[in-house]
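Enquirer: My structure is stored as model10.cif, with mmCIF, N, CA and C atoms.
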```
data_data
loop_
_atom_site.label_atom_id
_atom_site.label_comp_id
_atom_site.auth_asym_id
_atom_site.auth_seq_id
_atom_site.Cartn_x
_atom_site.Cartn_y
_atom_site.Cartn_z
N MET L 1 112.48 49.79 158.95
CA MET L 1 111.88 51.10 158.80
C MET L 1 110.80 51.26 159.84
N SER L 2 110.79 52.38 160.41
CA SER L 2 109.87 52.61 161.51
C SER L 2 108.67 53.43 161.11
N GLY L 3 108.34 53.49 159.80
CA GLY L 3 107.12 54.16 159.36
C GLY L 3 107.26 55.66 159.21
N SER L 4 108.48 56.18 159.28
CA SER L 4 108.64 57.63 159.11
C SER L 4 108.57 57.97 157.63
N THR L 5 107.92 59.06 157.32
CA THR L 5 107.80 59.52 155.93
C THR L 5 108.72 60.70 155.72
N ARG L 6 109.29 60.74 154.53
CA ARG L 6 110.21 61.84 154.22
C ARG L 6 109.42 62.96 153.54
N LYS L 7 109.65 64.16 153.96
CA LYS L 7 109.05 65.32 153.33
C LYS L 7 109.91 65.72 152.15
N PRO L 8 109.29 66.19 151.09
CA PRO L 8 110.10 66.65 149.95
C PRO L 8 110.95 67.85 150.37
N ALA L 9 112.13 67.92 149.80
CA ALA L 9 113.03 69.02 150.14
C ALA L 9 112.47 70.34 149.62
N LYS L 10 112.60 71.39 150.39
CA LYS L 10 112.13 72.71 149.97
C LYS L 10 113.13 73.34 149.02
N MET L 11 112.59 74.09 148.06
CA MET L 11 113.45 74.81 147.13
C MET L 11 114.01 76.03 147.86
N PRO L 12 115.30 76.26 147.73
CA PRO L 12 115.87 77.46 148.37
C PRO L 12 115.18 78.73 147.87
N ARG L 13 115.04 79.69 148.74
CA ARG L 13 114.32 80.93 148.43
C ARG L 13 114.94 81.65 147.23
N ARG L 14 116.24 81.71 147.15
CA ARG L 14 116.91 82.42 146.05
C ARG L 14 116.57 81.75 144.71
N LYS L 15 116.55 80.43 144.69
CA LYS L 15 116.23 79.69 143.47
C LYS L 15 114.78 79.93 143.06
N LEU L 16 113.88 79.96 144.03
CA LEU L 16 112.46 80.21 143.76
C LEU L 16 112.26 81.60 143.17
N VAL L 17 112.91 82.60 143.73
CA VAL L 17 112.80 83.97 143.23
C VAL L 17 113.34 84.05 141.80
N LEU L 18 114.46 83.39 141.54
CA LEU L 18 115.04 83.38 140.20
C LEU L 18 114.10 82.72 139.19
N CYS L 19 113.50 81.60 139.56
CA CYS L 19 112.55 80.92 138.68
C CYS L 19 111.33 81.78 138.38
N LEU L 20 110.80 82.44 139.41
CA LEU L 20 109.64 83.33 139.20
C LEU L 20 110.01 84.52 138.32
N PHE L 21 111.21 85.06 138.51
CA PHE L 21 111.67 86.18 137.68
C PHE L 21 111.79 85.76 136.22
N ILE L 22 112.38 84.60 135.96
CA ILE L 22 112.53 84.11 134.59
C ILE L 22 111.16 83.83 133.97
N LEU L 23 110.25 83.27 134.73
CA LEU L 23 108.90 83.01 134.25
C LEU L 23 108.18 84.32 133.88
N ALA L 24 108.29 85.33 134.74
CA ALA L 24 107.65 86.63 134.47
C ALA L 24 108.28 87.30 133.25
N LEU L 25 109.59 87.24 133.13
CA LEU L 25 110.28 87.82 131.98
C LEU L 25 109.88 87.12 130.68
N SER L 26 109.78 85.81 130.71
CA SER L 26 109.34 85.05 129.53
C SER L 26 107.93 85.45 129.11
N ALA L 27 107.03 85.55 130.08
CA ALA L 27 105.66 85.95 129.78
C ALA L 27 105.62 87.35 129.19
N LEU L 28 106.44 88.25 129.73
CA LEU L 28 106.49 89.62 129.20
C LEU L 28 106.97 89.64 127.76
N VAL L 29 107.98 88.84 127.44
CA VAL L 29 108.50 88.80 126.07
C VAL L 29 107.47 88.20 125.12
N PHE L 30 106.90 87.07 125.48
CA PHE L 30 105.98 86.38 124.57
C PHE L 30 104.63 87.08 124.43
N VAL L 31 104.25 87.87 125.40
CA VAL L 31 102.99 88.62 125.30
C VAL L 31 103.26 90.06 124.89
N GLY L 32 104.33 90.65 125.41
CA GLY L 32 104.61 92.06 125.17
C GLY L 32 105.00 92.39 123.75
N ILE L 33 105.81 91.55 123.12
CA ILE L 33 106.25 91.84 121.75
C ILE L 33 105.07 91.83 120.77
N PRO L 34 104.22 90.80 120.77
CA PRO L 34 103.07 90.87 119.86
C PRO L 34 102.12 92.03 120.16
N LEU L 35 101.92 92.33 121.44
CA LEU L 35 101.05 93.47 121.79
C LEU L 35 101.67 94.78 121.34
N GLY L 36 102.99 94.91 121.45
CA GLY L 36 103.67 96.12 120.99
C GLY L 36 103.52 96.29 119.49
N GLU L 37 103.63 95.21 118.74
CA GLU L 37 103.48 95.28 117.28
C GLU L 37 102.05 95.65 116.91
N LYS L 38 101.06 95.10 117.61
CA LYS L 38 99.66 95.48 117.35
C LYS L 38 99.45 96.96 117.64
N TYR L 39 100.04 97.46 118.71
CA TYR L 39 99.91 98.88 119.05
C TYR L 39 100.52 99.75 117.96
N ARG L 40 101.73 99.39 117.48
CA ARG L 40 102.38 100.18 116.43
C ARG L 40 101.55 100.20 115.16
N GLN L 41 100.97 99.06 114.80
CA GLN L 41 100.16 99.01 113.58
C GLN L 41 98.85 99.79 113.74
N ALA L 42 98.24 99.72 114.91
CA ALA L 42 96.97 100.41 115.14
C ALA L 42 97.15 101.92 115.27
N ASN L 43 98.35 102.37 115.64
CA ASN L 43 98.59 103.79 115.86
C ASN L 43 99.63 104.35 114.88
N ALA L 44 99.59 103.85 113.65
CA ALA L 44 100.54 104.30 112.64
C ALA L 44 100.36 105.79 112.38
N VAL L 45 101.46 106.44 111.99
CA VAL L 45 101.49 107.88 111.76
C VAL L 45 101.57 108.15 110.26
N ASP L 46 100.69 109.00 109.76
CA ASP L 46 100.72 109.40 108.35
C ASP L 46 101.54 110.67 108.21
N GLN L 47 102.36 110.72 107.15
CA GLN L 47 103.16 111.92 106.89
C GLN L 47 103.24 112.16 105.39
N GLN L 48 103.02 113.42 104.99
CA GLN L 48 103.12 113.81 103.58
C GLN L 48 104.59 113.89 103.17
N CYS L 49 104.96 113.19 102.10
CA CYS L 49 106.33 113.20 101.60
C CYS L 49 106.30 113.31 100.09
N THR L 50 107.22 114.11 99.53
CA THR L 50 107.33 114.27 98.08
C THR L 50 108.22 113.16 97.54
N ILE L 51 107.69 112.40 96.58
CA ILE L 51 108.38 111.25 96.03
C ILE L 51 109.47 111.68 95.05
N ILE L 52 110.69 111.20 95.26
CA ILE L 52 111.79 111.39 94.32
C ILE L 52 111.88 110.15 93.42
N SER L 53 111.86 108.96 94.03
CA SER L 53 111.87 107.71 93.28
C SER L 53 111.43 106.56 94.17
N ALA L 54 111.06 105.46 93.54
CA ALA L 54 110.69 104.25 94.28
C ALA L 54 111.21 103.06 93.50
N GLU L 55 111.77 102.11 94.22
CA GLU L 55 112.30 100.91 93.58
C GLU L 55 112.26 99.75 94.56
N VAL L 56 112.42 98.55 94.03
CA VAL L 56 112.49 97.36 94.86
C VAL L 56 113.95 97.14 95.23
N SER L 57 114.20 96.91 96.50
CA SER L 57 115.56 96.69 96.99
C SER L 57 115.64 95.28 97.54
N SER L 58 116.54 94.48 96.99
CA SER L 58 116.75 93.11 97.47
C SER L 58 118.15 92.99 98.03
N SER L 59 118.26 92.26 99.12
CA SER L 59 119.59 92.04 99.71
C SER L 59 119.70 90.59 100.16
N ARG L 60 120.90 90.08 100.09
CA ARG L 60 121.19 88.72 100.53
C ARG L 60 122.32 88.79 101.55
N SER L 61 122.22 87.96 102.56
CA SER L 61 123.30 87.86 103.53
C SER L 61 123.36 86.43 104.04
N GLY L 62 124.50 86.05 104.53
CA GLY L 62 124.61 84.70 105.06
C GLY L 62 126.01 84.38 105.50
N THR L 63 126.09 83.44 106.41
CA THR L 63 127.38 82.96 106.88
C THR L 63 127.28 81.46 107.12
N GLY L 64 128.34 80.77 106.88
CA GLY L 64 128.40 79.35 107.22
C GLY L 64 127.37 78.48 106.52
N GLY L 65 127.04 78.76 105.28
CA GLY L 65 126.09 77.93 104.54
C GLY L 65 124.64 78.34 104.71
N LEU L 66 124.34 79.22 105.64
CA LEU L 66 122.98 79.73 105.81
C LEU L 66 122.89 81.09 105.16
N SER L 67 121.90 81.26 104.30
CA SER L 67 121.75 82.57 103.69
C SER L 67 120.30 83.01 103.80
N THR L 68 120.13 84.31 103.91
CA THR L 68 118.79 84.89 103.96
C THR L 68 118.71 86.00 102.92
N SER L 69 117.51 86.22 102.44
CA SER L 69 117.32 87.31 101.51
C SER L 69 116.11 88.11 101.96
N SER L 70 116.14 89.39 101.67
CA SER L 70 115.00 90.24 102.03
C SER L 70 114.71 91.18 100.87
N THR L 71 113.44 91.43 100.68
CA THR L 71 112.99 92.35 99.65
C THR L 71 112.24 93.47 100.33
N LYS L 72 112.57 94.69 99.95
CA LYS L 72 111.94 95.87 100.54
C LYS L 72 111.59 96.85 99.44
N LEU L 73 110.68 97.73 99.75
CA LEU L 73 110.36 98.85 98.88
C LEU L 73 111.21 100.03 99.36
N LYS L 74 112.02 100.58 98.48
CA LYS L 74 112.90 101.71 98.83
C LYS L 74 112.30 102.96 98.20
N ILE L 75 111.88 103.90 99.04
CA ILE L 75 111.23 105.12 98.58
C ILE L 75 112.11 106.30 98.97
N ARG L 76 112.62 107.01 97.98
CA ARG L 76 113.41 108.22 98.25
C ARG L 76 112.46 109.41 98.20
N THR L 77 112.52 110.24 99.26
CA THR L 77 111.62 111.39 99.36
C THR L 77 112.42 112.63 99.74
N GLN L 78 111.80 113.80 99.56
CA GLN L 78 112.45 115.06 99.95
C GLN L 78 112.38 115.27 101.46
N GLU L 79 111.19 115.19 102.02
CA GLU L 79 111.01 115.53 103.43
C GLU L 79 111.34 114.39 104.40
N CYS L 80 111.14 113.16 103.97
CA CYS L 80 111.25 112.02 104.88
C CYS L 80 112.53 111.20 104.69
N GLY L 81 113.40 111.62 103.78
CA GLY L 81 114.61 110.85 103.52
C GLY L 81 114.29 109.59 102.74
N THR L 82 115.11 108.58 102.91
CA THR L 82 114.87 107.29 102.27
C THR L 82 114.07 106.42 103.22
N VAL L 83 112.97 105.89 102.73
CA VAL L 83 112.08 105.08 103.56
C VAL L 83 112.10 103.66 103.02
N TYR L 84 112.38 102.71 103.90
CA TYR L 84 112.37 101.29 103.53
C TYR L 84 111.12 100.65 104.10
N VAL L 85 110.35 99.99 103.25
CA VAL L 85 109.13 99.32 103.67
C VAL L 85 109.32 97.82 103.47
N SER L 86 109.31 97.06 104.57
CA SER L 86 109.44 95.61 104.45
C SER L 86 108.16 94.91 104.88
N LYS L 87 107.27 95.66 105.52
CA LYS L 87 106.00 95.11 105.98
C LYS L 87 104.93 96.14 105.67
N VAL L 88 103.93 95.75 104.90
CA VAL L 88 102.88 96.68 104.50
C VAL L 88 101.63 96.38 105.31
N LEU L 89 101.05 97.43 105.88
CA LEU L 89 99.80 97.26 106.60
C LEU L 89 98.70 96.91 105.60
N SER L 90 97.77 96.08 106.02
CA SER L 90 96.68 95.75 105.11
C SER L 90 95.58 96.79 105.27
N PRO L 91 94.82 97.10 104.28
CA PRO L 91 94.91 96.51 102.94
C PRO L 91 96.09 97.10 102.19
N SER L 92 96.77 96.24 101.46
CA SER L 92 97.94 96.64 100.70
C SER L 92 97.51 97.46 99.48
N PRO L 93 98.25 98.54 99.16
CA PRO L 93 97.89 99.35 98.01
C PRO L 93 98.02 98.61 96.68
N ALA L 94 98.94 97.68 96.57
CA ALA L 94 99.13 96.92 95.33
C ALA L 94 99.53 95.50 95.71
N GLY L 95 99.57 94.62 94.72
CA GLY L 95 99.81 93.21 94.99
C GLY L 95 101.24 92.84 95.29
N SER L 96 102.21 93.38 94.57
CA SER L 96 103.60 92.96 94.74
C SER L 96 104.49 94.17 94.97
N TRP L 97 105.74 93.90 95.36
CA TRP L 97 106.70 94.98 95.57
C TRP L 97 106.91 95.76 94.28
N GLU L 98 107.01 95.04 93.15
CA GLU L 98 107.24 95.69 91.86
C GLU L 98 106.06 96.60 91.49
N GLU L 99 104.83 96.14 91.74
CA GLU L 99 103.64 96.96 91.44
C GLU L 99 103.62 98.21 92.31
N MET L 100 103.98 98.06 93.60
CA MET L 100 104.00 99.22 94.49
C MET L 100 105.06 100.22 94.06
N ALA L 101 106.26 99.71 93.69
CA ALA L 101 107.33 100.60 93.24
C ALA L 101 106.92 101.34 91.98
N ALA L 102 106.32 100.63 91.02
CA ALA L 102 105.88 101.27 89.77
C ALA L 102 104.79 102.30 90.04
N GLU L 103 103.85 101.98 90.92
CA GLU L 103 102.77 102.92 91.24
C GLU L 103 103.33 104.19 91.88
N LEU L 104 104.21 104.04 92.87
CA LEU L 104 104.79 105.20 93.54
C LEU L 104 105.71 106.00 92.61
N ASP L 105 106.44 105.30 91.75
CA ASP L 105 107.33 105.99 90.82
C ASP L 105 106.53 106.89 89.87
N GLY L 106 105.28 106.55 89.64
CA GLY L 106 104.40 107.38 88.82
C GLY L 106 104.03 108.69 89.51
N TYR L 107 104.30 108.81 90.79
CA TYR L 107 103.97 110.02 91.56
C TYR L 107 105.21 110.87 91.82
N ARG L 108 106.26 110.72 91.01
CA ARG L 108 107.48 111.53 91.19
C ARG L 108 107.13 113.01 91.22
N GLY L 109 107.71 113.73 92.18
CA GLY L 109 107.47 115.17 92.31
C GLY L 109 106.16 115.52 93.00
N GLN L 110 105.36 114.53 93.33
CA GLN L 110 104.08 114.77 94.00
C GLN L 110 104.14 114.27 95.44
N GLN L 111 103.26 114.82 96.26
CA GLN L 111 103.22 114.38 97.66
C GLN L 111 102.30 113.18 97.79
N VAL L 112 102.77 112.22 98.57
CA VAL L 112 102.02 111.00 98.87
C VAL L 112 102.09 110.81 100.38
N VAL L 113 101.06 110.24 100.95
CA VAL L 113 101.04 109.96 102.39
C VAL L 113 101.77 108.64 102.64
N LEU L 114 102.89 108.72 103.37
CA LEU L 114 103.60 107.52 103.79
C LEU L 114 103.21 107.19 105.22
N VAL L 115 103.18 105.92 105.53
CA VAL L 115 102.73 105.45 106.84
C VAL L 115 103.94 104.95 107.63
N PHE L 116 104.08 105.46 108.85
CA PHE L 116 105.22 105.12 109.71
C PHE L 116 104.74 104.56 111.04
N PRO L 117 105.57 103.75 111.71
CA PRO L 117 105.24 103.34 113.08
C PRO L 117 105.24 104.58 113.98
N PRO L 118 104.48 104.55 115.09
CA PRO L 118 104.43 105.73 115.96
C PRO L 118 105.76 106.04 116.63
N PHE L 119 106.61 105.06 116.77
CA PHE L 119 107.94 105.28 117.33
C PHE L 119 108.87 104.24 116.72
N GLN L 120 110.12 104.62 116.57
CA GLN L 120 111.13 103.68 116.11
C GLN L 120 112.48 104.15 116.60
N LEU L 121 113.40 103.23 116.68
CA LEU L 121 114.74 103.57 117.13
C LEU L 121 115.41 104.44 116.07
N PRO L 122 116.27 105.36 116.49
CA PRO L 122 116.96 106.20 115.50
C PRO L 122 117.78 105.33 114.55
N ALA L 123 117.71 105.66 113.27
CA ALA L 123 118.44 104.91 112.25
C ALA L 123 119.74 105.62 111.94
N GLU L 124 120.69 104.87 111.42
CA GLU L 124 121.94 105.47 110.98
C GLU L 124 121.72 106.07 109.61
N GLY L 125 122.24 107.27 109.40
CA GLY L 125 122.11 107.90 108.08
C GLY L 125 120.73 108.49 107.88
N ASP L 126 120.38 108.64 106.61
CA ASP L 126 119.15 109.32 106.24
C ASP L 126 118.10 108.31 105.79
N TYR L 127 117.65 107.45 106.69
CA TYR L 127 116.59 106.54 106.30
C TYR L 127 115.68 106.25 107.48
N ALA L 128 114.48 105.79 107.17
CA ALA L 128 113.50 105.43 108.18
C ALA L 128 112.79 104.17 107.73
N LEU L 129 112.16 103.49 108.67
CA LEU L 129 111.37 102.31 108.33
C LEU L 129 109.91 102.72 108.27
N GLY L 130 109.21 102.25 107.27
CA GLY L 130 107.81 102.61 107.11
C GLY L 130 106.92 101.39 106.94
N TYR L 131 105.60 101.65 106.93
CA TYR L 131 104.61 100.59 106.78
C TYR L 131 103.94 100.63 105.41
N GLY L 132 104.28 101.57 104.55
CA GLY L 132 103.63 101.64 103.25
C GLY L 132 103.17 103.04 102.94
N TYR L 133 102.12 103.14 102.15
CA TYR L 133 101.63 104.44 101.70
C TYR L 133 100.13 104.39 101.47
N ARG L 134 99.53 105.57 101.39
CA ARG L 134 98.12 105.73 101.07
C ARG L 134 98.01 106.74 99.95
N LEU L 135 97.24 106.41 98.95
CA LEU L 135 97.05 107.35 97.83
C LEU L 135 95.76 108.12 97.98
#
```
What's the structure tokens form of this structure?
Expert:
Amino acid sequence: MSGSTRKPAKMPRRKLVLCLFILALSALVFVGIPLGEKYRQANAVDQQCTIISAEVSSSRSGTGGLSTSSTKLKIRTQECGTVYVSKVLSPSPAGSWEEMAAELDGYRGQQVVLVFPPFQLPAEGDYALGYGYRL
């Protein structure tokens, strides 16, 4: 050996651009999604809706030995259609889904302020996703 040192091989430009793009996209996803959720919660929209009924809705789904279950508050209204609440903004009006359903069911025929995200994707049929209610 004659004392020559080898320089590390350079990364091809296309590969470097791809790596930087993936890194930027990952950062956008991991930072953007939580920031978007904070924005939706901080800018929730209140809307007056006449209560028809309120109940707890539970569903189970699963494939291949894995099953999931979800519990939601299902609120049927005149002006707002059917509203499903799976996440309640704090402070919560009541302790459990059953307590919230019973409380809202007591307001049948009356208007209650329901809380919605400032924007949401269009839903199929006559339902919307909500964040809860204010009495």
Enquirer: Report, in Å with one decimal, the straight-line distance from CA of Gly132 in chain L to atom N of Thr71 in chain L.
Expert: 14.4 Å
Enquirer: Can you tell me, as a ChimeraX atom specification, what residues are no more than 6 Å from range 99-103 of chain L when counting all atoms listed in the file, ignoring any on the same chain fewer than 3 positions away?
Expert: /L:54-56,94-96,106-107
Enquirer: Expressed in Å to a single decimal, how great is the separation between CA of Gln111 in chain L and CA of Leu135 in chain L?
Expert: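 Between CA of Gln111 in chain L and CA of Leu135 in chain L the gap is 9.4 Å.
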Enquirer: Could you tell me how far CA of Val83 in chain L sits from CA of Ile52 in chain L, in Å to one decimal place?
Expert: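 Between these atoms lies a distance of 11.2 Å.
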Enquirer: Determine the residue membership of the PyMOL selection byres ((chain L and resi 116) around 6) for the file above and supply it as an MDAnalysis selection string.
Expert: chainID L and resid 44:47 114:115 117:118 129:132
Enquirer: Once you have the residues from the selection above, write them out as a CSV table (one decimal), in the coordinates of the input, restricted to N, CA and C atoms.
Expert:
```
chain,number,residue,atom,x,y,z
L,44,ALA,N,99.6,103.8,113.6
L,44,ALA,CA,100.5,104.3,112.6
L,44,ALA,C,100.4,105.8,112.4
L,45,VAL,N,101.5,106.4,112.0
L,45,VAL,CA,101.5,107.9,111.8
L,45,VAL,C,101.6,108.2,110.3
L,46,ASP,N,100.7,109.0,109.8
L,46,ASP,CA,100.7,109.4,108.4
L,46,ASP,C,101.5,110.7,108.2
L,47,GLN,N,102.4,110.7,107.2
L,47,GLN,CA,103.2,111.9,106.9
L,47,GLN,C,103.2,112.2,105.4
L,114,LEU,N,102.9,108.7,103.4
L,114,LEU,CA,103.6,107.5,103.8
L,114,LEU,C,103.2,107.2,105.2
L,115,VAL,N,103.2,105.9,105.5
L,115,VAL,CA,102.7,105.4,106.8
L,115,VAL,C,103.9,105.0,107.6
L,117,PRO,N,105.6,103.8,111.7
L,117,PRO,CA,105.2,103.3,113.1
L,117,PRO,C,105.2,104.6,114.0
L,118,PRO,N,104.5,104.6,115.1
L,118,PRO,CA,104.4,105.7,116.0
L,118,PRO,C,105.8,106.0,116.6
L,129,LEU,N,112.2,103.5,108.7
L,129,LEU,CA,111.4,102.3,108.3
L,129,LEU,C,109.9,102.7,108.3
L,130,GLY,N,109.2,102.2,107.3
L,130,GLY,CA,107.8,102.6,107.1
L,130,GLY,C,106.9,101.4,106.9
L,131,TYR,N,105.6,101.6,106.9
L,131,TYR,CA,104.6,100.6,106.8
L,131,TYR,C,103.9,100.6,105.4
L,132,GLY,N,104.3,101.6,104.6
L,132,GLY,CA,103.6,101.6,103.2
L,132,GLY,C,103.2,103.0,102.9
```
Enquirer: DSSP on the backbone, strand (DSSP E) only: what residues of range 14-62 of chain L does that give? Format it as number ranges by chain.
Expert: L: 45-62
Enquirer: Could you write out, as number ranges by chain, all the residues of chain L that DSSP marks as helix (DSSP H, G or I)?
Expert: L: 13-42, 97-105
Enquirer: Which is closer to Ser57 in chain L than all the others in L:Ser70, L:Asn43, L:Gln110, L:Ser86, using all atoms listed in the file?
Expert: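 The shortest atom-to-atom distance to Ser57 in chain L comes from L:Ser70.
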